[in-house]
$ cat input-v6.cif   # mmCIF, C-alpha atoms
data_input
#
loop_
_atom_site.label_atom_id
_atom_site.label_comp_id
_atom_site.auth_asym_id
_atom_site.auth_seq_id
_atom_site.Cartn_x
_atom_site.Cartn_y
_atom_site.Cartn_z
CA MET A 12 19.16 73.18 134.99
CA HIS A 13 22.10 71.35 133.51
CA ASN A 14 23.45 68.06 134.63
CA HIS A 15 26.00 68.25 137.36
CA TYR A 16 27.94 65.77 139.40
CA ILE A 17 28.91 65.43 143.03
CA ILE A 18 32.38 64.01 143.46
CA ASN A 19 33.08 62.12 146.68
CA GLY A 20 30.29 64.07 148.36
CA LYS A 21 32.63 67.07 148.58
CA VAL A 22 32.56 68.92 145.30
CA GLU A 23 29.89 69.77 142.78
CA PHE A 24 31.07 69.69 139.19
CA HIS A 25 29.02 71.74 136.72
CA PRO A 26 30.16 70.86 133.22
CA ALA A 27 28.08 73.55 131.56
CA ALA A 28 29.63 76.27 133.71
CA SER A 29 33.01 74.54 133.91
CA THR A 30 33.10 75.03 137.66
CA LEU A 31 33.90 73.00 140.76
CA LYS A 32 31.94 74.07 143.83
CA THR A 33 32.97 73.07 147.31
CA LEU A 34 30.16 71.58 149.41
CA ASP A 35 31.70 72.37 152.77
CA GLY A 36 29.34 75.26 153.43
CA HIS A 37 31.73 77.98 152.20
CA GLY A 38 30.61 77.47 148.63
CA MET A 39 34.04 78.19 147.16
CA GLU A 40 33.99 77.95 143.38
CA VAL A 41 36.93 77.01 141.23
CA GLU A 42 36.74 77.77 137.57
CA LEU A 43 38.07 75.31 135.05
CA ASN A 44 38.93 76.01 131.50
CA SER A 45 36.67 74.27 129.01
CA PRO A 46 39.13 71.58 127.91
CA ALA A 47 39.92 70.66 131.51
CA ALA A 48 36.19 70.49 132.26
CA ARG A 49 35.68 68.29 129.22
CA CYS A 50 38.52 66.02 130.37
CA LEU A 51 36.85 65.60 133.77
CA LEU A 52 33.50 64.94 132.14
CA LEU A 53 35.05 62.28 129.96
CA LEU A 54 36.63 60.63 133.00
CA ILE A 55 33.26 60.66 134.77
CA HIS A 56 31.38 59.26 131.80
CA LYS A 57 33.93 56.53 131.35
CA GLN A 58 34.34 55.77 135.00
CA GLY A 59 35.91 52.40 135.43
CA GLU A 60 37.64 52.56 132.07
CA ILE A 61 41.15 53.59 131.20
CA ILE A 62 41.15 56.47 128.79
CA GLY A 63 44.17 56.87 126.57
CA GLN A 64 45.79 60.15 125.63
CA GLN A 65 44.55 59.86 122.08
CA ASP A 66 40.96 59.37 123.28
CA PHE A 67 41.22 62.57 125.30
CA MET A 68 42.67 64.43 122.39
CA ASP A 69 39.97 63.15 120.05
CA GLU A 70 37.01 63.66 122.38
CA VAL A 71 38.00 66.92 124.01
CA TRP A 72 39.65 68.75 121.14
CA GLY A 73 39.48 66.78 117.92
CA LYS A 74 35.70 66.71 117.72
CA ASN A 75 35.71 70.50 117.96
CA GLY A 76 38.08 70.69 115.05
CA ILE A 77 41.04 71.64 117.23
CA HIS A 78 44.30 69.78 116.96
CA VAL A 79 46.61 70.06 119.92
CA THR A 80 49.92 68.61 121.01
CA SER A 81 50.35 66.18 123.89
CA ASN A 82 51.75 69.08 125.93
CA THR A 83 48.33 70.69 125.86
CA TYR A 84 46.79 67.47 127.07
CA TYR A 85 49.26 67.10 129.97
CA GLN A 86 48.86 70.71 130.90
CA ASN A 87 45.07 70.41 131.09
CA ILE A 88 45.24 67.26 133.20
CA SER A 89 47.62 69.08 135.52
CA ILE A 90 45.23 72.03 135.69
CA LEU A 91 42.40 69.66 136.45
CA ARG A 92 44.30 67.94 139.26
CA LYS A 93 45.22 71.27 140.85
CA ALA A 94 41.66 72.53 140.53
CA LEU A 95 40.23 69.40 142.18
CA LYS A 96 42.69 69.79 145.03
CA LYS A 97 41.87 73.46 145.37
CA ALA A 98 38.17 72.63 145.45
CA GLY A 99 38.73 70.33 148.40
CA ILE A 100 39.38 66.86 147.02
CA ASP A 101 42.66 65.97 148.67
CA GLU A 102 42.84 62.42 147.39
CA GLU A 103 44.22 61.78 143.88
CA ILE A 104 41.07 60.80 142.07
CA ILE A 105 42.74 60.95 138.68
CA VAL A 106 45.01 57.97 138.48
CA THR A 107 47.69 57.51 135.85
CA ILE A 108 48.01 53.98 134.48
CA PRO A 109 51.52 53.97 133.00
CA ARG A 110 51.62 53.67 129.21
CA MET A 111 47.84 53.28 129.08
CA GLY A 112 46.13 56.42 130.18
CA LEU A 113 44.05 57.85 132.95
CA THR A 114 41.10 56.63 134.95
CA LEU A 115 39.14 57.74 137.96
CA ALA A 116 40.28 56.07 141.16
CA SER A 117 38.13 53.04 141.91
CA ASP A 118 36.90 54.49 145.20
CA THR A 119 35.70 57.70 143.59
CA ARG A 120 32.03 58.29 144.19
CA ILE A 121 30.16 60.13 141.47
CA GLU A 122 26.56 61.16 141.90
CA ARG A 123 24.83 62.54 138.90
CA LYS A 124 22.30 65.30 139.46
CA GLY A 125 20.07 67.05 137.02
CA PRO A 126 16.99 66.62 134.83
CA GLU A 127 18.01 63.57 132.83
CA SER A 128 19.84 62.03 135.71
CA LYS A 129 21.05 58.55 135.32
CA PRO A 130 24.37 57.97 136.98
CA PRO A 131 27.09 56.87 134.66
CA THR A 132 27.60 53.80 136.80
CA GLU A 133 24.09 52.73 135.85
CA GLN A 134 24.87 52.61 132.17
CA PRO A 135 23.89 49.33 130.51
CA PRO A 136 26.60 46.77 130.02
CA GLU A 137 28.80 47.39 127.05
CA THR A 138 27.01 45.70 124.26
CA GLY A 139 27.70 47.19 120.88
CA GLN A 140 24.66 49.44 120.97
CA GLY A 141 25.14 50.35 124.62
CA LYS A 142 28.66 51.50 123.94
CA GLU A 143 27.43 53.53 121.02
CA ASN A 144 24.86 55.25 123.22
CA THR A 145 27.48 55.95 125.84
CA ASP A 146 29.75 57.47 123.23
CA ASN A 147 26.92 59.61 121.94
CA ASN A 148 26.14 60.79 125.46
CA ILE A 149 29.75 61.64 126.05
CA HIS A 150 29.97 63.48 122.80
CA ASN A 151 26.75 65.38 123.45
CA SER A 152 27.83 66.33 126.94
CA ILE A 153 31.21 67.43 125.78
CA GLN A 154 29.63 69.40 122.98
CA GLU A 155 27.39 71.01 125.57
CA VAL A 156 30.39 72.11 127.57
CA SER A 157 32.17 73.44 124.56
CA SER A 158 29.17 75.33 123.26
CA GLU A 159 28.21 76.81 126.57
CA LYS A 160 31.49 78.17 127.64
CA ILE A 161 34.79 78.53 125.93
CA GLU A 162 36.56 80.89 128.18
CA PRO A 163 40.00 80.74 129.63
CA ALA A 164 40.05 79.21 133.03
CA ILE A 165 41.80 80.84 135.89
CA VAL A 166 43.20 78.27 138.19
CA ASP A 167 46.62 79.59 138.95
CA GLY A 168 45.97 83.18 138.13
CA SER A 169 47.01 83.09 134.49
CA PRO A 170 45.18 81.70 131.45
CA PRO A 171 46.43 78.27 130.48
CA LEU A 172 48.57 77.86 127.42
CA THR A 173 45.96 75.62 125.74
CA GLU A 174 43.43 78.42 125.61
CA VAL A 175 46.03 80.92 124.56
CA SER A 176 47.12 78.68 121.72
CA THR A 177 43.52 77.96 120.69
CA ARG A 178 42.81 81.68 120.62
CA PHE A 179 46.02 82.24 118.74
CA PHE A 180 44.92 79.80 116.06
CA GLN A 181 41.45 81.30 115.95
CA LEU A 182 43.00 84.74 115.58
CA LYS A 183 45.37 83.45 112.92
CA GLY A 184 42.47 81.82 111.10
CA GLY A 185 40.52 85.07 111.31
CA ILE A 186 43.40 87.07 109.88
CA PHE A 187 43.88 84.47 107.15
CA THR A 188 40.17 84.59 106.27
CA GLY A 189 40.27 88.38 106.32
CA ILE A 190 43.25 88.49 103.97
CA LEU A 191 41.60 85.94 101.67
CA CYS A 192 38.41 88.01 101.61
CA LEU A 193 40.38 91.18 100.90
CA VAL A 194 42.37 89.58 98.09
CA THR A 195 39.18 88.06 96.66
CA ALA A 196 37.47 91.48 96.80
CA VAL A 197 40.39 93.09 94.99
CA LEU A 198 40.33 90.35 92.38
CA ILE A 199 36.57 90.72 91.92
CA PHE A 200 36.98 94.49 91.56
CA TRP A 201 39.76 94.05 89.01
CA PHE A 202 37.74 91.43 87.16
CA VAL A 203 34.63 93.63 87.00
CA GLN A 204 36.68 96.64 85.93
CA HIS A 205 38.42 94.60 83.30
CA HIS A 206 35.15 93.25 81.94
CA THR A 207 33.19 96.46 82.04
CA GLN A 208 34.64 97.73 78.83
CA GLU A 209 33.80 101.29 78.09
CA ASN A 210 31.34 101.54 75.31
CA TYR A 211 31.93 104.63 73.22
CA TYR A 212 28.21 104.88 72.60
CA SER A 213 27.07 104.35 76.19
CA ASN A 214 26.15 108.05 76.51
CA TYR A 215 24.24 108.07 73.27
CA GLN A 216 20.50 108.03 73.32
CA VAL A 217 17.71 107.58 70.86
CA ILE A 218 16.85 111.00 69.44
CA TYR A 219 14.44 109.71 66.87
CA GLN A 220 12.48 106.56 66.36
CA GLY A 221 10.26 106.00 63.34
CA LYS A 222 9.96 104.31 59.96
CA GLY A 223 11.74 101.32 61.42
CA CYS A 224 14.81 103.39 62.32
CA LYS A 225 16.33 104.20 65.68
CA ILE A 226 18.68 107.14 65.51
CA TYR A 227 21.22 107.49 68.32
CA ALA A 228 23.27 110.57 69.03
CA TYR A 229 25.25 112.03 71.87
CA HIS A 230 22.83 112.99 74.63
CA LEU A 231 24.23 116.51 75.14
CA MET A 232 23.34 118.08 71.86
CA ASN A 233 23.15 121.82 71.95
CA THR A 234 20.33 123.05 69.80
CA LYS A 235 17.10 121.80 68.31
CA SER A 236 18.27 122.73 64.83
CA PHE A 237 21.39 120.65 65.28
CA ARG A 238 19.26 117.80 66.51
CA ARG A 239 17.04 118.17 63.44
CA GLU A 240 20.12 118.14 61.22
CA ILE A 241 21.29 114.89 62.82
CA ILE A 242 17.88 113.30 62.31
CA ASN A 243 17.90 114.37 58.67
CA TRP A 244 21.27 112.70 58.19
CA GLY A 245 19.95 109.52 59.75
CA MET A 246 16.78 109.49 57.69
CA LYS A 247 18.82 109.44 54.47
CA PHE A 248 19.19 105.74 55.24
CA ALA A 249 15.55 105.10 56.16
CA ALA A 250 15.13 102.81 53.15
CA ASP A 251 17.66 100.41 54.65
CA CYS A 252 16.20 100.47 58.17
CA THR A 253 14.57 97.08 57.67
CA VAL A 254 18.08 95.59 57.61
CA HIS A 255 20.10 98.14 59.57
CA PRO A 256 17.68 99.92 61.91
CA TYR A 257 20.22 101.07 64.52
CA ILE A 258 21.84 104.28 63.31
CA TYR A 259 24.61 105.91 65.35
CA ILE A 260 25.55 109.40 64.31
CA ASP A 261 28.57 111.46 65.28
CA LYS A 262 28.82 115.03 64.19
CA TYR A 263 30.52 118.04 65.66
CA GLU A 264 29.43 121.48 64.57
CA MET A 265 33.02 122.60 63.95
CA LEU A 266 34.22 119.39 62.35
CA PRO A 267 33.47 118.95 58.64
CA ARG A 268 32.98 115.22 59.00
CA ILE A 269 30.06 112.98 59.87
CA SER A 270 30.22 109.40 61.00
CA ILE A 271 27.15 107.27 60.56
CA ILE A 272 27.30 103.65 61.63
CA ARG A 273 24.27 101.57 60.75
CA CYS A 274 23.83 98.17 62.36
CA ASP A 275 21.41 95.27 62.41
CA LYS A 276 21.67 95.12 66.20
CA GLU A 277 22.74 97.56 68.87
CA ILE A 278 26.33 98.67 68.52
CA ASN A 279 27.71 96.75 71.50
CA LYS A 280 26.15 93.47 70.41
CA ASN A 281 27.48 90.92 68.02
CA ASN A 282 26.28 92.71 64.91
CA GLU A 283 26.79 93.54 61.27
CA CYS A 284 27.33 97.20 60.54
CA ILE A 285 27.97 99.54 57.64
CA SER A 286 30.12 102.54 58.43
CA GLU A 287 29.48 105.66 56.40
CA TYR A 288 31.93 108.49 56.64
CA PHE A 289 31.18 111.86 55.13
CA ILE A 290 33.91 114.39 54.49
CA GLU A 291 32.36 117.77 53.68
CA MET B 5 35.85 78.57 111.61
CA LYS B 6 37.33 75.67 109.70
CA ARG B 7 34.28 75.67 107.42
CA VAL B 8 34.55 79.39 106.79
CA LEU B 9 38.21 78.94 105.91
CA ILE B 10 37.40 76.14 103.49
CA ILE B 11 34.66 78.19 101.81
CA ALA B 12 36.95 81.23 101.62
CA CYS B 13 39.70 79.08 100.11
CA VAL B 14 37.32 77.58 97.54
CA VAL B 15 35.96 81.01 96.51
CA PHE B 16 39.49 82.38 96.31
CA SER B 17 40.68 79.44 94.25
CA ILE B 18 37.80 79.77 91.79
CA PHE B 19 38.51 83.47 91.27
CA ALA B 20 42.21 82.89 91.00
CA ALA B 21 41.58 80.21 88.35
CA ILE B 22 39.24 82.49 86.38
CA LEU B 23 41.81 85.27 86.50
CA VAL B 24 44.63 83.02 85.36
CA ILE B 25 42.50 81.90 82.39
CA GLU B 26 41.44 85.47 81.75
CA LEU B 27 45.01 86.75 81.85
CA HIS B 28 46.11 83.96 79.57
CA VAL B 29 43.38 84.79 77.07
CA SER B 30 44.01 88.54 77.23
CA GLU B 31 47.75 87.97 76.79
CA GLU B 32 46.96 86.01 73.69
CA SER B 33 44.63 88.70 72.39
CA ASP B 34 47.22 91.38 73.22
CA ASP B 35 49.43 89.76 70.64
CA GLY B 36 46.96 90.84 68.01
CA PHE B 37 43.53 90.62 66.52
CA SER B 38 41.79 90.62 63.18
CA CYS B 39 38.69 92.49 62.17
CA ILE B 40 36.73 93.46 59.13
CA ALA B 41 34.69 96.58 58.37
CA SER B 42 32.21 97.52 55.71
CA TYR B 43 33.12 101.10 54.92
CA ILE B 44 31.68 103.77 52.65
CA GLN B 45 33.43 107.10 52.36
CA HIS B 46 31.70 110.07 50.79
CA THR B 47 33.85 113.02 49.78
CA LYS B 48 31.73 115.51 47.87
CA GLY B 49 30.88 113.61 44.70
CA PHE B 50 33.53 110.91 45.18
CA ARG B 51 32.49 107.68 46.82
CA ILE B 52 34.61 104.77 47.98
CA GLU B 53 32.86 101.62 49.07
CA MET B 54 35.08 98.85 50.38
CA MET B 55 35.68 96.05 52.80
CA VAL B 56 38.63 96.90 55.02
CA SER B 57 40.25 94.11 56.95
CA TYR B 58 42.97 94.50 59.53
CA THR B 59 45.19 91.82 60.94
CA PHE B 60 47.39 92.90 63.85
CA GLY B 61 50.18 90.51 64.75
CA ALA B 62 52.63 91.07 67.56
CA LYS B 63 54.54 93.83 65.75
CA ASN B 64 53.40 93.65 62.15
CA GLY B 65 50.12 93.53 60.37
CA ILE B 66 48.24 93.44 57.10
CA ILE B 67 45.43 95.56 55.75
CA ASN B 68 43.31 94.52 52.79
CA LEU B 69 41.24 97.05 50.91
CA THR B 70 38.73 95.63 48.46
CA GLY B 71 35.92 97.54 46.79
CA VAL B 72 35.04 100.22 44.26
CA ALA B 73 35.53 103.93 43.89
CA THR B 74 33.03 106.05 41.97
CA ASP B 75 33.71 109.60 40.83
CA GLU B 76 31.33 112.54 40.21
CA THR B 77 30.76 111.44 36.63
CA GLY B 78 29.78 107.94 37.66
CA LYS B 79 32.99 106.33 36.51
CA ILE B 80 33.88 103.26 38.57
CA TRP B 81 37.30 101.97 39.56
CA SER B 82 38.08 98.69 41.14
CA LEU B 83 40.15 98.65 44.32
CA ASP B 84 42.15 95.69 45.56
CA ARG B 85 45.21 96.54 47.63
CA ARG B 86 47.25 95.25 50.46
CA VAL B 87 49.32 97.12 52.99
CA ILE B 88 51.91 95.38 55.13
CA PHE B 89 52.80 97.48 58.13
CA GLN B 90 54.78 97.61 61.32
CA TYR B 91 53.24 99.04 64.42
CA TYR B 92 53.63 99.73 68.05
CA ARG B 93 50.96 100.48 70.51
CA GLU B 94 50.45 102.81 73.43
CA GLU B 95 47.21 102.03 75.19
CA ASN B 96 44.53 102.57 72.54
CA LEU B 97 46.79 104.38 70.12
CA TYR B 98 48.35 102.36 67.32
CA PHE B 99 51.28 103.88 65.46
CA LEU B 100 51.43 102.24 62.04
CA THR B 101 54.09 102.53 59.33
CA SER B 102 53.48 101.07 55.89
CA ILE B 103 56.28 98.71 54.87
CA ARG B 104 55.01 97.49 51.56
CA THR B 105 51.87 98.30 49.60
CA THR B 106 50.69 95.92 46.92
CA ARG B 107 48.21 96.50 44.11
CA PHE B 108 46.50 93.40 42.83
CA PRO B 109 45.99 93.04 39.04
CA ASN B 110 42.28 93.80 39.13
CA ASP B 111 42.94 97.13 40.83
CA ASN B 112 42.64 99.82 38.17
CA ALA B 113 42.31 102.88 40.40
CA ASP B 114 44.81 105.64 39.97
CA THR B 115 46.84 106.00 43.16
CA ALA B 116 47.33 109.75 42.76
CA MET B 117 43.58 110.21 42.39
CA LEU B 118 42.84 107.99 45.40
CA ASN B 119 45.42 109.86 47.44
CA ARG B 120 43.15 112.90 47.36
CA TYR B 121 40.65 110.94 49.46
CA ILE B 122 42.63 108.23 51.28
CA PRO B 123 45.67 108.79 53.55
CA SER B 124 49.02 107.99 51.92
CA PHE B 125 49.67 105.25 54.45
CA TYR B 126 47.14 103.02 52.65
CA LEU B 127 48.61 103.69 49.24
CA LYS B 128 52.37 104.13 49.51
CA ASP B 129 55.33 102.62 51.32
CA SER B 130 56.93 104.21 54.38
CA TYR B 131 54.04 106.39 55.42
CA GLU B 132 52.71 106.64 58.92
CA ILE B 133 49.31 106.87 60.43
CA VAL B 134 48.03 106.94 64.00
CA LEU B 135 44.81 105.12 64.70
CA LYS B 136 42.85 105.10 67.90
CA ILE B 137 41.20 101.73 68.31
CA LEU B 138 38.65 101.17 71.04
CA PRO B 139 37.11 97.83 71.89
CA ASN B 140 33.40 98.44 71.72
CA GLY B 141 31.54 95.66 73.51
CA GLY B 142 30.58 92.41 71.80
CA SER B 143 33.29 91.74 69.30
CA ASN B 144 33.60 95.19 67.77
CA TYR B 145 36.38 97.70 67.52
CA LEU B 146 35.89 101.34 66.72
CA PHE B 147 38.59 102.95 64.59
CA PHE B 148 39.26 106.67 64.83
CA LEU B 149 41.39 108.99 62.76
CA ASP B 150 39.85 112.11 64.28
CA PRO B 151 37.39 112.69 67.14
CA ILE B 152 34.64 110.66 65.51
CA PRO B 153 34.73 106.98 64.56
CA ILE B 154 35.60 106.08 60.97
CA TYR B 155 34.35 102.56 61.14
CA ASN B 156 33.08 99.77 63.25
CA CYS B 157 35.37 96.81 62.70
CA LYS B 158 33.97 93.40 63.55
CA ARG B 159 36.36 90.90 65.06
CA SER B 160 37.16 88.02 62.71
CA LEU B 161 39.12 84.82 63.06
#

$ encode --input "input-v6.cif" --output "structure tokens"
Amino acid sequence: MHNHYIINGKVEFHPAASTLKTLDGHGMEVELNSPAARCLLLLIHKQGEIIGQQDFMDEVWGKNGIHVTSNTYYQNISILRKALKKAGIDEEIIVTIPRMGLTLASDTRIERKGPESKPPTEQPPETGQGKENTDNNIHNSIQEVSSEKIEPAIVDGSPPLTEVSTRFFQLKGGIFTGILCLVTAVLIFWFVQHHTQENYYSNYQVIYQGKGCKIYAYHLMNTKSFRREIINWGMKFAADCTVHPYIYIDKYEMLPRISIIRCDKEINKNNECISEYFIE
Amino acid sequence: MKRVLIIACVVFSIFAAILVIELHVSEESDDGFSCIASYIQHTKGFRIEMMVSYTFGAKNGIINLTGVATDETGKIWSLDRRVIFQYYREENLYFLTSIRTTRFPNDNADTAMLNRYIPSFYLKDSYEIVLKILPNGGSNYLFFLDPIPIYNCKRSL
């Protein structure tokens, strides 16, 4: 069970569900949007204090990484006032202090209910540490609201602009991330393609290994006799296999030429090679 | 979301930076390269053993041929020649035209005799040759005159 508050004995405020529930027996429920609920929670937690616009913007939006204009703030306070009225609180409990901010009316009664209940009015006096604890509580509570429910509220039948704009930015961010990922993927693909240089000898395989030599030839050689012929060509250089053991042989049956490249390391490595070219 | 965006931006930036460097380097290498090959050609009883070095600039280049030629009787000739050429490139195909061929004083090989075994491009002015040159991993290039590689040319400075 989450914390909830009873305002003036008339309305139950559930921050986690962002709802106001009338206690007149009909049980009417008014949904708030998350920012409006967080504004009310901040007012409750700081009852007796005047909360400036910037504090609202920092606590309600800024700490969630959302930056909004003052219009969003005014709109949410307006939504909150209408919702409180709709829920059955006829008196103006949210009081505007000109050029300073908002506060809960001094005659507002807040009862805190729930497992960790300790009414906000019973908070210790504002010593440095006490204030810090209060701020942490506020932040935690507000975080709770924001993590539990971030859905558009329906007070006047249409989603408020704040939520629409937040979603718009989320959507925009998503598209931006998507485009970045796509571009990065294309770049990675291009990079890999560019760096995976085709090795002429990648389809060559060892057809003979012995006497310190490794003879490579194209893997699709037709006949055994042709294979034997290739090996014989390679073994002409067996005496030098201690220095150049990797022997790559190219020979076509119809072409009167033979290419033999002998290297100290594999052909695609940083090596020293001797190229022998036979014209028959 | 903000964190994801930051990470995505960082990854993107790193790749973009690598690509810019890569492109810069490849542009530089597109301007040319140098390589050297140890080459032995056997034509019946005639054998040519030489170091062949290529330097490709943006449009021109130099080839140095240094080595010995040995005929069927065992007679040895010294080879030391230079070819200055112009070229253009289409993908892996290099179209070379010899501009000026130079024989160094220690070269005592008869050009007409050599021409029976070596393409005219390497020996005389205003001859053409088409080479296919494939990068072959590491720092090697494979040179082709026909379907099979003539030599493995190692990249040099």

$ interface_residues --input "input-v6.cif" --of "chain B" --to "chain A" --cutoff "9 Å" --atoms "only C-alpha atoms" --output "PyMOL selection string"
chain B and resi 5-6+8-9+12-13+15-16+19-20+23+26+41-48+138-144+146+151-158

$ residues_around --input "input-v6.cif" --residues "Leu115 of chain A" --least-positions-apart "2" --cutoff "12 Å" --atoms "all atoms listed in the file" --output "PyMOL selection string"
chain A and resi 18-19+50-62+92+102-108+112-113+117-121

$ resolve_selection --input "input-v6.cif" --expression "the PyMOL selection byres ((chain B and resi 68) around 6)" --output "PyMOL selection string"
chain B and resi 56-57+67+69+85-86

$ write_last_selection --input "input-v6.cif" --atoms "C-alpha atoms" --output "compact mmCIF listing (two decimals), in the coordinates of the input"
# COMPACT_ATOMS: atom_id res chain seq x y z
CA VAL B 56 38.63 96.90 55.02
CA SER B 57 40.25 94.11 56.95
CA ILE B 67 45.43 95.56 55.75
CA LEU B 69 41.24 97.05 50.91
CA ARG B 85 45.21 96.54 47.63
CA ARG B 86 47.25 95.25 50.46

$ residues_around --input "input-v6.cif" --residues "segment 116-132 of chain B" --least-positions-apart "3" --cutoff "9 Å" --atoms "all atoms listed in the file" --output "short mmCIF file (atom, residue, chain, number, x, y, z; two decimals) with C-alpha atoms, keeping the file's coordinate frame"
data_model
loop_
_atom_site.label_atom_id
_atom_site.label_comp_id
_atom_site.auth_asym_id
_atom_site.auth_seq_id
_atom_site.Cartn_x
_atom_site.Cartn_y
_atom_site.Cartn_z
CA GLN B 45 33.43 107.10 52.36
CA THR B 47 33.85 113.02 49.78
CA PHE B 50 33.53 110.91 45.18
CA ILE B 52 34.61 104.77 47.98
CA ILE B 67 45.43 95.56 55.75
CA LEU B 69 41.24 97.05 50.91
CA ALA B 73 35.53 103.93 43.89
CA ARG B 85 45.21 96.54 47.63
CA ARG B 86 47.25 95.25 50.46
CA VAL B 87 49.32 97.12 52.99
CA ILE B 88 51.91 95.38 55.13
CA PHE B 89 52.80 97.48 58.13
CA PHE B 99 51.28 103.88 65.46
CA LEU B 100 51.43 102.24 62.04
CA THR B 101 54.09 102.53 59.33
CA SER B 102 53.48 101.07 55.89
CA ILE B 103 56.28 98.71 54.87
CA ARG B 104 55.01 97.49 51.56
CA THR B 105 51.87 98.30 49.60
CA THR B 106 50.69 95.92 46.92
CA ARG B 107 48.21 96.50 44.11
CA ALA B 113 42.31 102.88 40.40
#

$ resolve_selection --input "input-v6.cif" --expression "the PyMOL selection byres ((chain A and resi 257) around 7)" --output "ChimeraX atom specification"
/A:224-226,255-256,258-259,273-277

$ atom_distance --input "input-v6.cif" --atom1 "atom CA of Val41 of chain A" --atom2 "atom CA of Ser81 of chain A"
24.5 Å

$ atom_distance --input "input-v6.cif" --atom1 "atom CA of Gly38 of chain A" --atom2 "atom CA of Lys96 of chain A"
14.8 Å

$ atom_distance --input "input-v6.cif" --atom1 "atom CA of Lys21 of chain A" --atom2 "atom CA of Asn82 of chain A"
29.7 Å

$ resolve_selection --input "input-v6.cif" --expression "the PyMOL selection byres ((chain B and resi 91-94) around 10)" --output "tab-separated table (two decimals) with C-alpha atoms, keeping the file's coordinate frame"
chain	number	residue	atom	x	y	z
B	60	PHE	CA	47.39	92.90	63.85
B	61	GLY	CA	50.18	90.51	64.75
B	62	ALA	CA	52.63	91.07	67.56
B	63	LYS	CA	54.54	93.83	65.75
B	64	ASN	CA	53.40	93.65	62.15
B	65	GLY	CA	50.12	93.53	60.37
B	89	PHE	CA	52.80	97.48	58.13
B	90	GLN	CA	54.78	97.61	61.32
B	95	GLU	CA	47.21	102.03	75.19
B	96	ASN	CA	44.53	102.57	72.54
B	97	LEU	CA	46.79	104.38	70.12
B	98	TYR	CA	48.35	102.36	67.32
B	99	PHE	CA	51.28	103.88	65.46
B	100	LEU	CA	51.43	102.24	62.04
B	101	THR	CA	54.09	102.53	59.33
B	102	SER	CA	53.48	101.07	55.89
B	132	GLU	CA	52.71	106.64	58.92
B	133	ILE	CA	49.31	106.87	60.43
B	134	VAL	CA	48.03	106.94	64.00
B	135	LEU	CA	44.81	105.12	64.70
B	136	LYS	CA	42.85	105.10	67.90

$ axis_aligned_box --input "input-v6.cif" --around "segment 134-141 of chain B" --padding-each-side "3 Å" --output "AutoDock Vina command-line options"
--center_x 39.8 --center_y 101.3 --center_z 68.8 --size_x 22.5 --size_y 17.3 --size_z 15.5

$ closest_residue --input "input-v6.cif" --among "B:Trp81, B:Phe37, B:Phe147, B:Tyr58" --to "Asn110 of chain B" --atoms "all atoms listed in the file"
B:Trp81
